[in-house]
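J.: protein.txt is reproduced in full below (compact mmCIF, C-alpha atoms (C1' of nucleotides)).
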# COMPACT_ATOMS: atom_id res chain seq x y z
CA MET A 1 86.54 129.69 169.13
CA ASP A 2 87.03 128.82 165.49
CA TYR A 3 90.23 127.25 164.36
CA ASP A 4 92.62 130.06 163.49
CA TYR A 5 94.42 128.67 160.48
CA LYS A 6 96.45 131.84 159.95
CA GLU A 7 97.89 131.53 163.44
CA ALA A 8 98.63 127.84 162.90
CA MET A 9 100.50 128.65 159.69
CA LYS A 10 103.09 130.84 161.36
CA LEU A 11 106.63 129.71 160.71
CA LYS A 12 107.38 129.21 164.38
CA TYR A 13 104.75 126.49 164.72
CA GLN A 14 106.07 124.36 161.86
CA LEU A 15 108.32 121.61 163.16
CA CYS A 16 110.03 121.34 159.79
CA PHE A 17 111.62 124.74 160.12
CA PRO A 18 113.75 124.42 163.28
CA LEU A 19 114.48 120.83 162.33
CA TYR A 20 115.88 121.71 158.95
CA ALA A 21 117.60 124.86 160.20
CA ALA A 22 119.26 122.99 163.07
CA ALA A 23 120.39 120.25 160.72
CA ARG A 24 121.97 122.71 158.29
CA ASN A 25 123.49 124.58 161.20
CA VAL A 26 125.16 121.51 162.65
CA ILE A 27 126.28 120.26 159.24
CA GLY A 28 127.75 123.67 158.58
CA HIS A 29 130.02 123.17 161.58
CA TYR A 30 131.71 120.24 159.85
CA SER A 31 133.07 122.16 156.87
CA PRO A 32 136.05 123.79 158.60
CA TYR A 33 137.26 120.36 159.72
CA LEU A 34 136.35 118.35 156.63
CA LYS A 35 137.57 120.76 153.98
CA PRO A 36 141.24 120.32 154.94
CA LEU A 37 140.71 116.58 154.47
CA GLY A 38 139.20 117.17 151.05
CA LEU A 39 135.85 115.80 152.17
CA THR A 40 132.30 117.04 151.90
CA TYR A 41 129.79 116.28 154.61
CA THR A 42 128.03 113.60 152.58
CA GLN A 43 131.29 111.92 151.67
CA TYR A 44 132.17 111.97 155.36
CA ILE A 45 129.04 110.13 156.47
CA VAL A 46 129.57 107.58 153.71
CA LEU A 47 133.02 107.01 155.15
CA LEU A 48 131.54 106.69 158.65
CA VAL A 49 129.50 103.79 157.34
CA LEU A 50 132.49 102.18 155.65
CA TRP A 51 134.81 102.65 158.62
CA GLU A 52 132.28 100.74 160.71
CA LYS A 53 131.91 97.97 158.16
CA ASP A 54 133.93 97.78 155.00
CA GLY A 55 132.67 96.15 151.82
CA VAL A 56 128.99 97.00 151.79
CA THR A 57 126.59 97.33 148.89
CA VAL A 58 125.28 100.59 147.50
CA GLY A 59 121.85 99.64 148.77
CA GLU A 60 123.11 99.09 152.30
CA ILE A 61 124.67 102.54 152.34
CA CYS A 62 121.40 104.01 151.12
CA ASP A 63 119.53 102.23 153.89
CA LYS A 64 121.91 103.22 156.64
CA LEU A 65 122.13 106.86 155.62
CA LEU A 66 118.47 107.07 154.61
CA LEU A 67 119.58 108.57 151.33
CA ASP A 68 118.35 107.89 147.81
CA ASN A 69 120.53 105.94 145.39
CA GLY A 70 120.10 108.87 143.03
CA THR A 71 122.15 110.77 145.57
CA LEU A 72 124.65 108.09 146.42
CA SER A 73 125.39 106.50 143.05
CA PRO A 74 127.08 109.60 141.60
CA LEU A 75 128.68 110.39 144.95
CA LEU A 76 130.29 106.96 145.18
CA LYS A 77 131.55 107.28 141.63
CA LYS A 78 133.20 110.55 142.55
CA MET A 79 134.70 109.02 145.69
CA GLU A 80 136.11 106.26 143.51
CA LYS A 81 137.61 108.84 141.16
CA ASP A 82 139.11 110.57 144.21
CA GLY A 83 140.70 107.29 145.25
CA LEU A 84 138.74 106.84 148.49
CA VAL A 85 136.77 103.71 147.59
CA GLU A 86 136.58 100.94 145.05
CA ARG A 87 133.41 99.82 143.30
CA ARG A 88 133.08 96.29 142.01
CA ARG A 89 130.22 94.04 141.02
CA SER A 90 129.41 91.18 143.35
CA ILE A 91 130.36 87.75 142.01
CA ASP A 92 127.21 86.21 143.48
CA ASP A 93 124.80 88.77 142.08
CA ASP A 94 125.79 90.90 139.17
CA ARG A 95 123.22 93.54 140.01
CA VAL A 96 124.96 94.39 143.26
CA VAL A 97 127.87 96.82 143.54
CA ILE A 98 130.13 96.43 146.55
CA ILE A 99 131.96 99.45 147.94
CA THR A 100 135.35 98.92 149.55
CA LEU A 101 137.74 101.36 151.18
CA THR A 102 141.11 101.97 149.55
CA ASP A 103 144.18 102.46 151.73
CA LYS A 104 143.71 106.18 151.31
CA GLY A 105 140.11 105.85 152.48
CA LYS A 106 141.16 103.83 155.50
CA GLU A 107 143.91 106.24 156.46
CA LEU A 108 141.48 109.14 156.44
CA GLN A 109 139.82 107.74 159.56
CA ILE A 110 142.84 108.62 161.66
CA LYS A 111 143.13 112.05 160.12
CA ALA A 112 139.43 112.63 160.83
CA LYS A 113 139.40 111.19 164.32
CA ASP A 114 139.05 114.55 166.05
CA VAL A 115 136.17 115.75 163.88
CA PRO A 116 133.35 114.44 166.11
CA VAL A 117 134.89 115.97 169.22
CA LYS A 118 135.49 119.32 167.56
CA VAL A 119 131.98 119.50 166.16
CA ALA A 120 130.48 118.44 169.49
CA GLY A 121 132.38 121.34 170.99
CA CYS A 122 130.52 123.70 168.67
CA VAL A 123 127.12 122.49 169.83
CA ASN A 124 126.27 124.44 172.94
CA LEU A 125 123.88 122.02 174.59
CA THR A 126 124.31 120.08 177.80
CA GLN A 127 124.97 116.39 177.48
CA GLU A 128 121.50 115.67 178.86
CA LYS A 129 119.83 117.83 176.25
CA VAL A 130 121.85 116.27 173.47
CA GLN A 131 120.74 112.85 174.69
CA ALA A 132 117.12 113.95 174.84
CA LEU A 133 117.40 115.35 171.34
CA TYR A 134 118.87 112.08 170.08
CA SER A 135 116.06 109.94 171.36
CA LEU A 136 113.37 112.25 170.07
CA LEU A 137 114.98 112.39 166.64
CA TYR A 138 115.44 108.64 166.41
CA GLU A 139 111.88 108.11 167.52
CA LEU A 140 110.71 110.53 164.85
CA ILE A 141 112.72 108.75 162.19
CA GLU A 142 111.77 105.24 163.28
CA THR A 143 108.05 105.87 163.51
CA ASN A 144 107.93 107.54 160.12
CA LYS A 145 109.88 105.12 158.00
CA MET B 17 140.78 103.37 179.39
CA ASP B 18 142.07 105.12 176.32
CA TYR B 19 139.70 107.17 174.25
CA ASP B 20 138.22 104.86 171.64
CA TYR B 21 137.98 107.14 168.62
CA LYS B 22 136.68 104.37 166.38
CA GLU B 23 133.73 103.84 168.68
CA ALA B 24 133.10 107.58 168.87
CA MET B 25 133.04 107.79 165.08
CA LYS B 26 130.13 105.42 164.67
CA LEU B 27 127.26 106.92 162.74
CA LYS B 28 124.81 106.49 165.59
CA TYR B 29 126.78 108.83 167.86
CA GLN B 30 126.83 111.73 165.39
CA LEU B 31 124.05 114.19 166.16
CA CYS B 32 124.15 115.47 162.59
CA PHE B 33 122.83 112.22 161.21
CA PRO B 34 119.43 111.84 162.93
CA LEU B 35 119.00 115.59 162.75
CA TYR B 36 119.43 115.76 159.00
CA ALA B 37 117.56 112.52 158.39
CA ALA B 38 114.61 113.66 160.50
CA ALA B 39 114.54 117.01 158.72
CA ARG B 40 114.48 115.39 155.29
CA ASN B 41 111.91 112.91 156.50
CA VAL B 42 109.52 115.60 157.72
CA ILE B 43 110.09 117.78 154.67
CA GLY B 44 109.34 114.78 152.50
CA HIS B 45 105.90 114.60 154.07
CA TYR B 46 105.03 118.00 152.59
CA SER B 47 105.40 117.04 148.94
CA PRO B 48 102.07 115.22 148.52
CA TYR B 49 100.24 118.30 149.80
CA LEU B 50 102.38 120.98 148.19
CA LYS B 51 102.72 119.48 144.75
CA PRO B 52 99.00 119.89 143.92
CA LEU B 53 99.44 123.57 144.79
CA GLY B 54 102.44 123.83 142.47
CA LEU B 55 104.74 124.60 145.38
CA THR B 56 108.07 123.25 146.51
CA TYR B 57 108.94 123.07 150.18
CA THR B 58 111.25 126.08 150.05
CA GLN B 59 108.70 128.15 148.18
CA TYR B 60 106.18 127.18 150.83
CA ILE B 61 108.25 128.43 153.76
CA VAL B 62 108.94 131.66 151.88
CA LEU B 63 105.17 132.05 151.59
CA LEU B 64 104.77 131.31 155.31
CA VAL B 65 106.98 134.33 155.98
CA LEU B 66 105.04 136.54 153.57
CA TRP B 67 101.64 135.42 154.82
CA GLU B 68 102.71 136.52 158.29
CA LYS B 69 104.06 139.85 157.09
CA ASP B 70 103.78 141.03 153.52
CA GLY B 71 106.27 143.36 151.92
CA VAL B 72 109.57 142.29 153.42
CA THR B 73 113.08 142.60 152.05
CA VAL B 74 115.13 139.76 150.62
CA GLY B 75 117.47 140.10 153.57
CA GLU B 76 114.64 139.76 156.08
CA ILE B 77 113.52 136.54 154.43
CA CYS B 78 117.08 135.23 154.54
CA ASP B 79 117.28 136.06 158.25
CA LYS B 80 113.95 134.53 159.15
CA LEU B 81 114.51 131.33 157.19
CA LEU B 82 118.21 131.15 158.05
CA LEU B 83 118.92 130.66 154.37
CA ASP B 84 121.62 132.16 152.19
CA ASN B 85 120.72 134.83 149.65
CA GLY B 86 122.45 132.64 147.08
CA THR B 87 119.55 130.28 147.74
CA LEU B 88 116.76 132.82 147.97
CA SER B 89 117.61 135.30 145.22
CA PRO B 90 117.04 132.85 142.37
CA LEU B 91 114.09 131.29 144.20
CA LEU B 92 112.32 134.63 144.56
CA LYS B 93 112.93 135.35 140.90
CA LYS B 94 111.28 132.10 140.01
CA MET B 95 108.36 132.82 142.32
CA GLU B 96 107.96 136.16 140.57
CA LYS B 97 107.95 134.41 137.20
CA ASP B 98 105.32 132.02 138.56
CA GLY B 99 103.19 135.01 139.57
CA LEU B 100 103.33 134.41 143.33
CA VAL B 101 105.24 137.52 144.36
CA GLU B 102 106.42 140.88 143.08
CA ARG B 103 109.95 142.22 143.44
CA ARG B 104 110.59 145.95 143.45
CA ARG B 105 113.40 148.19 144.61
CA SER B 106 112.82 150.21 147.74
CA ILE B 107 112.35 153.95 147.11
CA ASP B 108 114.31 154.80 150.24
CA ASP B 109 117.28 152.55 149.53
CA ASP B 110 117.96 151.40 146.04
CA ARG B 111 120.00 148.41 147.22
CA VAL B 112 116.98 146.86 148.90
CA VAL B 113 114.47 144.66 147.11
CA ILE B 114 111.03 144.36 148.65
CA ILE B 115 108.97 141.21 148.14
CA THR B 116 105.21 141.51 147.99
CA LEU B 117 102.53 138.88 147.54
CA THR B 118 100.39 138.96 144.41
CA ASP B 119 96.71 138.11 144.63
CA LYS B 120 97.57 134.62 143.50
CA GLY B 121 100.15 134.39 146.29
CA LYS B 122 97.63 135.57 148.86
CA GLU B 123 94.94 133.17 147.70
CA LEU B 124 97.31 130.25 148.06
CA GLN B 125 97.19 130.63 151.83
CA ILE B 126 93.60 129.43 151.92
CA LYS B 127 94.33 126.57 149.57
CA ALA B 128 97.26 125.58 151.78
CA LYS B 129 95.52 126.01 155.10
CA ASP B 130 95.26 122.29 155.82
CA VAL B 131 98.89 121.53 155.05
CA PRO B 132 100.23 122.01 158.62
CA VAL B 133 97.50 119.80 160.07
CA LYS B 134 98.00 117.08 157.50
CA VAL B 135 101.76 117.04 157.95
CA ALA B 136 101.42 117.07 161.73
CA GLY B 137 99.24 114.01 161.32
CA CYS B 138 102.15 112.24 159.63
CA VAL B 139 104.48 112.85 162.55
CA ASN B 140 103.88 110.10 165.04
CA LEU B 141 105.02 111.81 168.22
CA THR B 142 102.98 112.85 171.21
CA GLN B 143 102.29 116.53 171.62
CA GLU B 144 104.62 116.63 174.62
CA LYS B 145 107.47 115.14 172.66
CA VAL B 146 106.93 117.51 169.78
CA GLN B 147 107.08 120.39 172.24
CA ALA B 148 110.26 119.05 173.80
CA LEU B 149 111.77 118.67 170.36
CA TYR B 150 110.87 122.25 169.47
CA SER B 151 112.57 123.77 172.46
CA LEU B 152 115.70 121.71 172.04
CA LEU B 153 115.94 122.60 168.37
CA TYR B 154 115.38 126.29 168.94
CA GLU B 155 117.94 126.26 171.72
CA LEU B 156 120.40 124.56 169.41
CA ILE B 157 119.79 127.12 166.68
CA GLU B 158 119.86 130.12 169.00
CA THR B 159 123.06 129.20 170.78
CA ASN B 160 124.91 128.50 167.56
CA LYS B 161 124.00 131.52 165.49
C1' DT C 20 112.57 76.30 130.21
C1' DA C 21 110.17 80.75 128.92
C1' DC C 22 108.63 84.89 130.93
C1' DA C 23 106.45 88.07 133.91
C1' DA C 24 107.53 90.17 138.22
C1' DT C 25 110.99 91.86 141.18
C1' DA C 26 115.38 93.82 142.56
C1' DT C 27 119.69 96.70 142.15
C1' DA C 28 122.14 100.49 140.30
C1' DA C 29 122.68 104.19 137.27
C1' DT C 30 120.89 108.19 134.86
C1' DT C 31 118.08 112.36 133.99
C1' DG C 32 115.72 116.40 135.37
C1' DC C 33 114.67 119.69 138.61
C1' DA C 34 115.23 122.24 142.94
C1' DT C 35 117.82 123.54 146.59
C1' DA C 36 122.15 125.09 149.56
C1' DC C 37 126.26 127.58 150.30
C1' DA C 38 130.96 129.62 149.37
C1' DA C 39 133.07 132.97 146.83
C1' DC C 40 132.82 136.63 144.00
C1' DA C 41 130.61 140.71 141.55
C1' DT C 42 127.88 144.91 141.44
C1' DA C 43 125.86 148.88 142.89
C1' DA C 44 124.26 151.91 146.44
C1' DA C 45 124.67 154.11 150.93
C1' DC C 46 127.50 155.52 154.70
C1' DG C 47 131.07 157.80 157.26
C1' DA C 48 135.45 159.78 158.76
C1' DG C 49 138.29 163.51 157.66
C1' DC D 1 132.66 166.83 149.47
C1' DT D 2 135.25 162.36 148.77
C1' DC D 3 136.95 158.12 148.86
C1' DG D 4 137.40 153.90 151.44
C1' DT D 5 134.18 150.85 153.88
C1' DT D 6 130.02 148.66 154.57
C1' DT D 7 125.61 146.86 153.04
C1' DA D 8 122.07 144.48 150.01
C1' DT D 9 121.42 141.77 146.40
C1' DG D 10 122.74 138.99 142.41
C1' DT D 11 125.71 135.46 140.01
C1' DT D 12 128.74 131.45 139.43
C1' DG D 13 130.42 127.06 140.63
C1' DT D 14 130.08 122.90 143.11
C1' DA D 15 127.57 119.46 145.72
C1' DT D 16 123.63 117.44 147.24
C1' DG D 17 118.65 115.31 147.24
C1' DC D 18 114.79 113.07 145.29
C1' DA D 19 111.27 111.58 141.72
C1' DA D 20 110.96 109.21 137.70
C1' DT D 21 112.93 106.45 134.32
C1' DT D 22 116.20 103.12 132.35
C1' DA D 23 119.18 99.08 132.06
C1' DT D 24 120.36 94.78 133.55
C1' DA D 25 120.15 90.77 136.38
C1' DT D 26 117.65 87.57 139.29
C1' DT D 27 113.69 85.11 140.87
C1' DG D 28 109.39 82.74 140.89
C1' DT D 29 106.27 80.03 138.43
C1' DA D 30 103.50 77.79 135.09
Would you put the structure from the file into structure tokens?
T.:
Amino acid sequence: MDYDYKEAMKLKYQLCFPLYAAARNVIGHYSPYLKPLGLTYTQYIVLLVLWEKDGVTVGEICDKLLLDNGTLSPLLKKMEKDGLVERRRSIDDDRVVIITLTDKGKELQIKAKDVPVKVAGCVNLTQEKVQALYSLLYELIETNK
Amino acid sequence: MDYDYKEAMKLKYQLCFPLYAAARNVIGHYSPYLKPLGLTYTQYIVLLVLWEKDGVTVGEICDKLLLDNGTLSPLLKKMEKDGLVERRRSIDDDRVVIITLTDKGKELQIKAKDVPVKVAGCVNLTQEKVQALYSLLYELIETNK
DNA sequence: TACAATATAATTGCATACAACATAAACGAG
DNA sequence: CTCGTTTATGTTGTATGCAATTATATTGTA
């Protein structure tokens, strides 16, 4: 039989669709918990990085979050304006900007400590399936860098 | 042992992160093939819906793509301006807007017929893993609607 | 030491996304 | 029939994302 390109083009066969939809779905579950803290989802994952290791460069945050600096540069400026982080040039290399948590930024970690649990509670998948999903996603990301 | 919330808050344990990163990664693989056709990714998945079934309402497209009408309304207007679709009010119900492909919109399907294959070629996962990923993602979406 | 190549951030332009609100049409109970 | 409710779409405001470009600093090398 000939290759049926019209069949192959159906939405349900495109991996991108459920991937993107699932991502937006899960991210959407964060809003109710982040909004009271005055955080957006992207600000939250930036904080996740900084709570793990404070004082990192803009470039490091880009690498860890796999986000463009065109996304993060303005975001970090806004987070500075909101008093969550400080931005200062490195003494060693004046090209580099180092991002540091303020006290307010540090304190937010405790206020946000239940967020992962609450969001996990919204995702109706067994622990095994979540694990399987993790490894597939990380494999996808790693092999396509 | 007490619950270690700082450990649980590490980026690598948040499902949202690899999910969103993988989605953006895969979507990014479309650009090189869509740009020559003058299409963005979102316009492309709207066309996927219309190529499957022409003449659907704005609401149906929102439902199928799981996107907000605040996203799709302006997008469909732009696609009309670009000559890809037509927008007309339903005769039966004047609230409803029906989207129809123009000839140009129909012809694009042939020009785009290799896109799914080419993108699939960029995703370095075995067919079994892709299948596993599909079912997990669809389960995640379905159970969280 | 000049100076081209490279590296790091920031900026600009364009295209989504979604929440919240607005508008207009259709529906439905009384 | 009628008016409050619901439905379908559009608009506004805010926040990402990324490509492409710019600005500045550093590095490598003749």
J.: Give me, as a ChimeraX atom specification, all polymer residues having an atom no more than 8 Å from region 69-80 of chain A, counting all atoms listed in the file and skipping those fewer than 2 positions away in the same chain.
T.: /A:43,58-59,62,67,82-87 /C:28-29 /D:16-18
J.: Distance limit 12 Å, atoms considered: only C-alpha atoms (C1' of nucleotides). Which chain C residues sit that close to chain A? Return them as a VMD selection string.
T.: chain C and resid 26 to 32 36 to 38
J.: For region 104-113 of chain A, find every residue with an atom within 12 Å (counting only C-alpha atoms (C1' of nucleotides)), except residues of its own chain fewer than 6 positions away, and show them as number ranges by chain.
T.: A: 30, 32-39, 43-54, 79-86, 119; B: 19-26
J.: Could you work out an axis-aligned box for region 44-49 of chain C, taking every atom the file lists and adding 5 Å on each side, and report centre and edge lengths in Å to one decimal, as lines of an AutoDock Vina configuration file?
T.:
center_x = 131.3
center_y = 157.7
center_z = 152.6
size_x = 24.0
size_y = 21.6
size_z = 22.3
J.: Could you list, as a list in words, every residue of chain D that has an atom within 8 Å of an atom of chain B, counting only C-alpha atoms (C1' of nucleotides)?
T.: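 Written out as asked, the residues are DA8, DT9 and DG10 of chain D.
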J.: For chain B versus chain A, which residues have an atom no more than 8 Å away, and what is each residue's nearest atom pair and distance in Å rounded to one decimal, using only C-alpha atoms, chain-then-number order, as CSV?
T.:
residue,atom,partner,partner_atom,distance
B:Tyr21,CA,A:Lys113,CA,6.1
B:Lys22,CA,A:Lys113,CA,7.6
B:Ala24,CA,A:Pro116,CA,7.4
B:Met25,CA,A:Leu48,CA,6.7
B:Lys26,CA,A:Leu48,CA,6.3
B:Leu27,CA,A:Leu48,CA,5.9
B:Gln30,CA,A:Pro116,CA,7.1
B:Leu31,CA,A:Tyr134,CA,6.8
B:Cys32,CA,A:Val26,CA,6.1
B:Phe33,CA,A:Leu65,CA,7.8
B:Pro34,CA,A:Leu137,CA,5.8
B:Leu35,CA,A:Ala23,CA,5.3
B:Tyr36,CA,A:Ala23,CA,4.9
B:Ala37,CA,A:Leu66,CA,6.7
B:Ala38,CA,A:Ile141,CA,5.5
B:Ala39,CA,A:Tyr20,CA,4.9
B:Arg40,CA,A:Tyr20,CA,7.4
B:Asn41,CA,A:Ile141,CA,7.1
B:Val42,CA,A:Cys16,CA,6.1
B:Ile43,CA,A:Cys16,CA,6.2
B:Ile61,CA,A:Leu11,CA,7.3
B:Leu64,CA,A:Leu11,CA,5.9
B:Val65,CA,A:Leu11,CA,6.6
B:Glu68,CA,A:Lys10,CA,6.5
B:Leu81,CA,A:Phe17,CA,7.8
B:Leu82,CA,A:Ala21,CA,6.7
B:Lys129,CA,A:Tyr5,CA,6.1
B:Asp130,CA,A:Tyr5,CA,7.9
B:Pro132,CA,A:Met9,CA,6.7
B:Cys138,CA,A:Asn144,CA,7.5
B:Val139,CA,A:Asn144,CA,6.8
B:Asn140,CA,A:Thr143,CA,6.1
B:Leu141,CA,A:Leu140,CA,6.7
B:Lys145,CA,A:Leu136,CA,7.1
B:Val146,CA,A:Leu15,CA,7.9
B:Leu149,CA,A:Leu133,CA,6.6
B:Tyr150,CA,A:Leu15,CA,6.8
B:Leu152,CA,A:Leu133,CA,6.6
B:Leu153,CA,A:Pro18,CA,5.8
B:Tyr154,CA,A:Pro18,CA,6.2
B:Glu155,CA,A:Leu125,CA,7.8
B:Leu156,CA,A:Ala22,CA,6.6
B:Ile157,CA,A:Ala22,CA,5.5
B:Thr159,CA,A:Asn124,CA,6.1
B:Asn160,CA,A:Val123,CA,6.8
